[in-house]
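The next block holds one structure in the form of structure tokens; read it before the comments.
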Amino acid sequence: MQHTTLIVPGFHGSGPAHWQTWFEAQVPGARRVSGIDWEQPVLPHWAQAVRDGIDHASGPVWLVAHSFGCLAAVLAASSRREQVAGLMLVAPADPERFTPQGLRDTSTAPEQPSLARWIPRSPLGAPSLVVASTNDPWVRLSSAAYWAQCWGSQLENIGAAGHINVDSGHGPWPRGLALFRALQAAQGDVPLGTITCRSRCSDRLPMPHRETA
């Protein structure tokens, strides 16, 4: 069966030197999600663009997302379970740092609601991997671990790797490609790191520490 790999960049997009662009050249059947304004991180619009990309694919879709794109990929996948083969979620942005309209500015409007309430807190139903670092300026490792557990994802801590982007030296990224291929090889087996939640994960785990933009 033919598979599509849908690349979902984060806020500001992924330029020519980014590892996601390198992935597009390395992974057969890879293409970038379209219809997103990379400078406007509005989750409903991004998630719908990912859903459209899934719906227009000729077969099961692998989602390879970065930063804010991870939130869009998770939200889209939660409503397209039968069409998603698996997800690789790299440096997922902390939803506490965004509102439904974009970046959250707690200095001028501290009452702004965060996106956290709209992010699924149940297993995604497909093999999934969260790749995180210990010094990511967009998310604490504890927060990434919290969401990984809620989603039933395996957590891969790659150490002090920043936001896992061009600024942190992640252009061509062989280790990331190896992780993705290992994730694909797990298809058909027990989903990696799946955790069965008898109730909402938020009832069993502390919420991640809130950060401000």
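Chain lettering (A, B, ...) mirrors the order of the structure tokens, residue numbering begins at 1 for each chain separately, and ligand numbering begins at 1 in order of display.
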
Problem set entry | Non-local contacts of Pro16 (chain A) (12 Å; only C-alpha atoms; under 2 positions in same chain excluded) as a list in words |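 These residues fall inside the cut-off: Pro9, Gly13, Ser14, His18, Trp19, Gln20, Thr21, Trp22, Phe23, Glu24, Ala25, Asn165, Val166, His170, Gly171 and Pro172 of chain A.
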
Print the selection's residues with C-alpha atoms to a file, as a CSV table (one decimal), in the first residue's frame.
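Below you can see part32.csv, which holds the result:
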```
chain,number,residue,atom,x,y,z
A,9,PRO,CA,6.6,22.8,9.9
A,13,GLY,CA,7.9,27.6,8.6
A,14,SER,CA,11.0,25.5,7.8
A,18,HIS,CA,15.9,23.0,8.0
A,19,TRP,CA,15.9,19.2,8.7
A,20,GLN,CA,12.3,19.0,7.6
A,21,THR,CA,13.3,20.2,4.1
A,22,TRP,CA,16.1,17.7,4.1
A,23,PHE,CA,13.6,15.0,5.1
A,24,GLU,CA,11.5,15.9,2.0
A,25,ALA,CA,14.4,15.0,-0.2
A,165,ASN,CA,16.0,23.5,14.3
A,166,VAL,CA,18.5,25.3,12.1
A,170,HIS,CA,19.7,20.5,12.9
A,171,GLY,CA,19.9,20.8,9.1
A,172,PRO,CA,20.7,17.3,7.7
```

Taking 4 positions as the minimum chain separation for residues in the same chain, which residues sit within 9 Å of Ala116 (chain A) when counting only C-alpha atoms? Answer as an mmCIF file with N, CA and C atoms, in the first residue's frame.
```
data_model
loop_
_atom_site.group_PDB
_atom_site.id
_atom_site.type_symbol
_atom_site.label_atom_id
_atom_site.label_comp_id
_atom_site.auth_asym_id
_atom_site.auth_seq_id
_atom_site.Cartn_x
_atom_site.Cartn_y
_atom_site.Cartn_z
ATOM 1 N N ASP A 94 4.873 24.229 23.505
ATOM 2 C CA ASP A 94 4.003 24.190 24.667
ATOM 3 C C ASP A 94 2.704 24.923 24.331
ATOM 4 N N PRO A 95 1.558 24.240 24.395
ATOM 5 C CA PRO A 95 0.294 24.928 24.060
ATOM 6 C C PRO A 95 -0.026 26.067 25.008
ATOM 7 N N GLU A 96 0.615 26.091 26.191
ATOM 8 C CA GLU A 96 0.391 27.201 27.112
ATOM 9 C C GLU A 96 0.914 28.522 26.554
ATOM 10 N N ARG A 97 1.763 28.455 25.544
ATOM 11 C CA ARG A 97 2.351 29.666 24.989
ATOM 12 C C ARG A 97 1.544 30.249 23.841
ATOM 13 N N PHE A 98 0.391 29.642 23.554
ATOM 14 C CA PHE A 98 -0.453 30.098 22.452
ATOM 15 C C PHE A 98 -1.903 30.206 22.905
ATOM 16 N N THR A 99 -2.643 31.039 22.196
ATOM 17 C CA THR A 99 -4.092 31.138 22.372
ATOM 18 C C THR A 99 -4.733 30.652 21.074
ATOM 19 N N PRO A 120 -5.795 17.295 22.455
ATOM 20 C CA PRO A 120 -6.230 15.967 22.914
ATOM 21 C C PRO A 120 -5.336 15.435 24.033
#
```

Seminar exercise, completed: With distances taken over only C-alpha atoms, the candidate from A:Leu141, A:Val27, A:Leu43, A:Val8 nearest Leu89 (chain A) is A:Val8

For this session: Write down as an NGL selection string the residues of region 26-190 of chain A whose backbone DSSP state falls under strand (DSSP E or B).
Result: :A and (30-32 or 61-66 or 84-90 or 98-99 or 102-103 or 128-132 or 154-157)

For the selection you just gave me, I'd like the residues written to a file as a tab-separated table (two decimals), in the first residue's frame, keeping N, CA, C and O atoms.
```
chain	number	residue	atom	x	y	z
A	30	ALA	N	7.34	11.98	0.33
A	30	ALA	CA	7.19	13.08	1.29
A	30	ALA	C	6.78	14.36	0.58
A	30	ALA	O	7.25	14.65	-0.51
A	31	ARG	N	5.91	15.11	1.21
A	31	ARG	CA	5.52	16.42	0.70
A	31	ARG	C	5.11	17.29	1.87
A	31	ARG	O	4.74	16.80	2.94
A	32	ARG	N	5.19	18.60	1.67
A	32	ARG	CA	4.88	19.55	2.72
A	32	ARG	C	3.40	19.91	2.71
A	32	ARG	O	2.80	20.05	1.66
A	61	VAL	N	-1.17	8.01	5.92
A	61	VAL	CA	-0.27	9.16	6.01
A	61	VAL	C	0.59	9.09	7.27
A	61	VAL	O	0.08	8.83	8.37
A	62	TRP	N	1.88	9.33	7.09
A	62	TRP	CA	2.79	9.54	8.20
A	62	TRP	C	2.93	11.05	8.38
A	62	TRP	O	3.17	11.77	7.42
A	63	LEU	N	2.78	11.52	9.60
A	63	LEU	CA	2.92	12.94	9.89
A	63	LEU	C	4.26	13.19	10.58
A	63	LEU	O	4.57	12.57	11.60
A	64	VAL	N	5.06	14.08	10.00
A	64	VAL	CA	6.34	14.48	10.57
A	64	VAL	C	6.25	15.97	10.87
A	64	VAL	O	6.30	16.79	9.96
A	65	ALA	N	6.08	16.29	12.14
A	65	ALA	CA	5.77	17.67	12.52
A	65	ALA	C	6.84	18.24	13.44
A	65	ALA	O	7.55	17.52	14.14
A	66	HIS	N	6.93	19.57	13.43
A	66	HIS	CA	7.89	20.28	14.28
A	66	HIS	C	7.18	21.43	14.99
A	66	HIS	O	6.34	22.11	14.41
A	84	VAL	N	-4.26	7.78	9.47
A	84	VAL	CA	-2.92	8.13	9.93
A	84	VAL	C	-2.15	6.88	10.32
A	84	VAL	O	-2.58	6.12	11.19
A	85	ALA	N	-1.01	6.66	9.67
A	85	ALA	CA	-0.18	5.50	9.95
A	85	ALA	C	0.67	5.71	11.20
A	85	ALA	O	0.96	4.76	11.94
A	86	GLY	N	1.10	6.94	11.44
A	86	GLY	CA	1.93	7.23	12.61
A	86	GLY	C	2.36	8.68	12.60
A	86	GLY	O	2.19	9.40	11.61
A	87	LEU	N	2.93	9.11	13.72
A	87	LEU	CA	3.34	10.52	13.87
A	87	LEU	C	4.71	10.60	14.50
A	87	LEU	O	5.00	9.92	15.50
A	88	MET	N	5.56	11.46	13.94
A	88	MET	CA	6.83	11.84	14.56
A	88	MET	C	6.71	13.31	14.92
A	88	MET	O	6.59	14.17	14.05
A	89	LEU	N	6.71	13.59	16.22
A	89	LEU	CA	6.45	14.94	16.74
A	89	LEU	C	7.73	15.47	17.37
A	89	LEU	O	8.13	15.02	18.45
A	90	VAL	N	8.37	16.41	16.70
A	90	VAL	CA	9.68	16.89	17.11
A	90	VAL	C	9.58	18.26	17.76
A	90	VAL	O	9.04	19.20	17.18
A	98	PHE	N	0.39	29.64	23.55
A	98	PHE	CA	-0.45	30.10	22.45
A	98	PHE	C	-1.90	30.21	22.90
A	98	PHE	O	-2.34	29.54	23.84
A	99	THR	N	-2.64	31.04	22.20
A	99	THR	CA	-4.09	31.14	22.37
A	99	THR	C	-4.73	30.65	21.07
A	99	THR	O	-4.03	30.39	20.08
A	102	GLY	N	-3.35	32.90	18.32
A	102	GLY	CA	-1.92	33.04	18.02
A	102	GLY	C	-1.08	33.01	19.28
A	102	GLY	O	-1.44	32.37	20.27
A	103	LEU	N	0.05	33.72	19.25
A	103	LEU	CA	0.93	33.77	20.41
A	103	LEU	C	0.22	34.37	21.62
A	103	LEU	O	-0.55	35.32	21.48
A	128	SER	N	3.47	6.54	17.61
A	128	SER	CA	3.87	7.95	17.67
A	128	SER	C	5.10	8.12	18.54
A	128	SER	O	5.33	7.36	19.49
A	129	LEU	N	5.89	9.12	18.17
A	129	LEU	CA	7.16	9.39	18.84
A	129	LEU	C	7.28	10.88	19.08
A	129	LEU	O	7.09	11.68	18.16
A	130	VAL	N	7.55	11.27	20.31
A	130	VAL	CA	7.84	12.66	20.65
A	130	VAL	C	9.34	12.78	20.87
A	130	VAL	O	9.90	12.10	21.73
A	131	VAL	N	9.98	13.63	20.08
A	131	VAL	CA	11.42	13.87	20.22
A	131	VAL	C	11.59	15.23	20.89
A	131	VAL	O	11.10	16.25	20.39
A	132	ALA	N	12.28	15.24	22.04
A	132	ALA	CA	12.40	16.46	22.81
A	132	ALA	C	13.83	16.64	23.30
A	132	ALA	O	14.64	15.71	23.27
A	154	GLN	N	5.96	7.30	22.49
A	154	GLN	CA	7.29	7.08	23.06
A	154	GLN	C	7.99	8.43	23.12
A	154	GLN	O	7.92	9.22	22.18
A	155	LEU	N	8.69	8.69	24.22
A	155	LEU	CA	9.45	9.92	24.37
A	155	LEU	C	10.92	9.65	24.13
A	155	LEU	O	11.50	8.76	24.75
A	156	GLU	N	11.51	10.41	23.22
A	156	GLU	CA	12.94	10.30	22.92
A	156	GLU	C	13.61	11.60	23.34
A	156	GLU	O	13.46	12.63	22.68
A	157	ASN	N	14.35	11.56	24.44
A	157	ASN	CA	15.08	12.72	24.93
A	157	ASN	C	16.46	12.70	24.29
A	157	ASN	O	17.27	11.82	24.57
```

Problem set entry | Å distance separating CA of Gly10 (chain A) from CA of Ser34 (chain A), one decimal place |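 Between CA of Gly10 (chain A) and CA of Ser34 (chain A) the gap works out to 12.5 Å.
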
Problem set entry | Counting only C-alpha atoms, the residue of A:Gly159, A:Pro113, A:Gly152, A:Gly53 that sits nearest Ser133 (chain A) |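 Smallest separation from Ser133 (chain A) among the options: A:Gly159.
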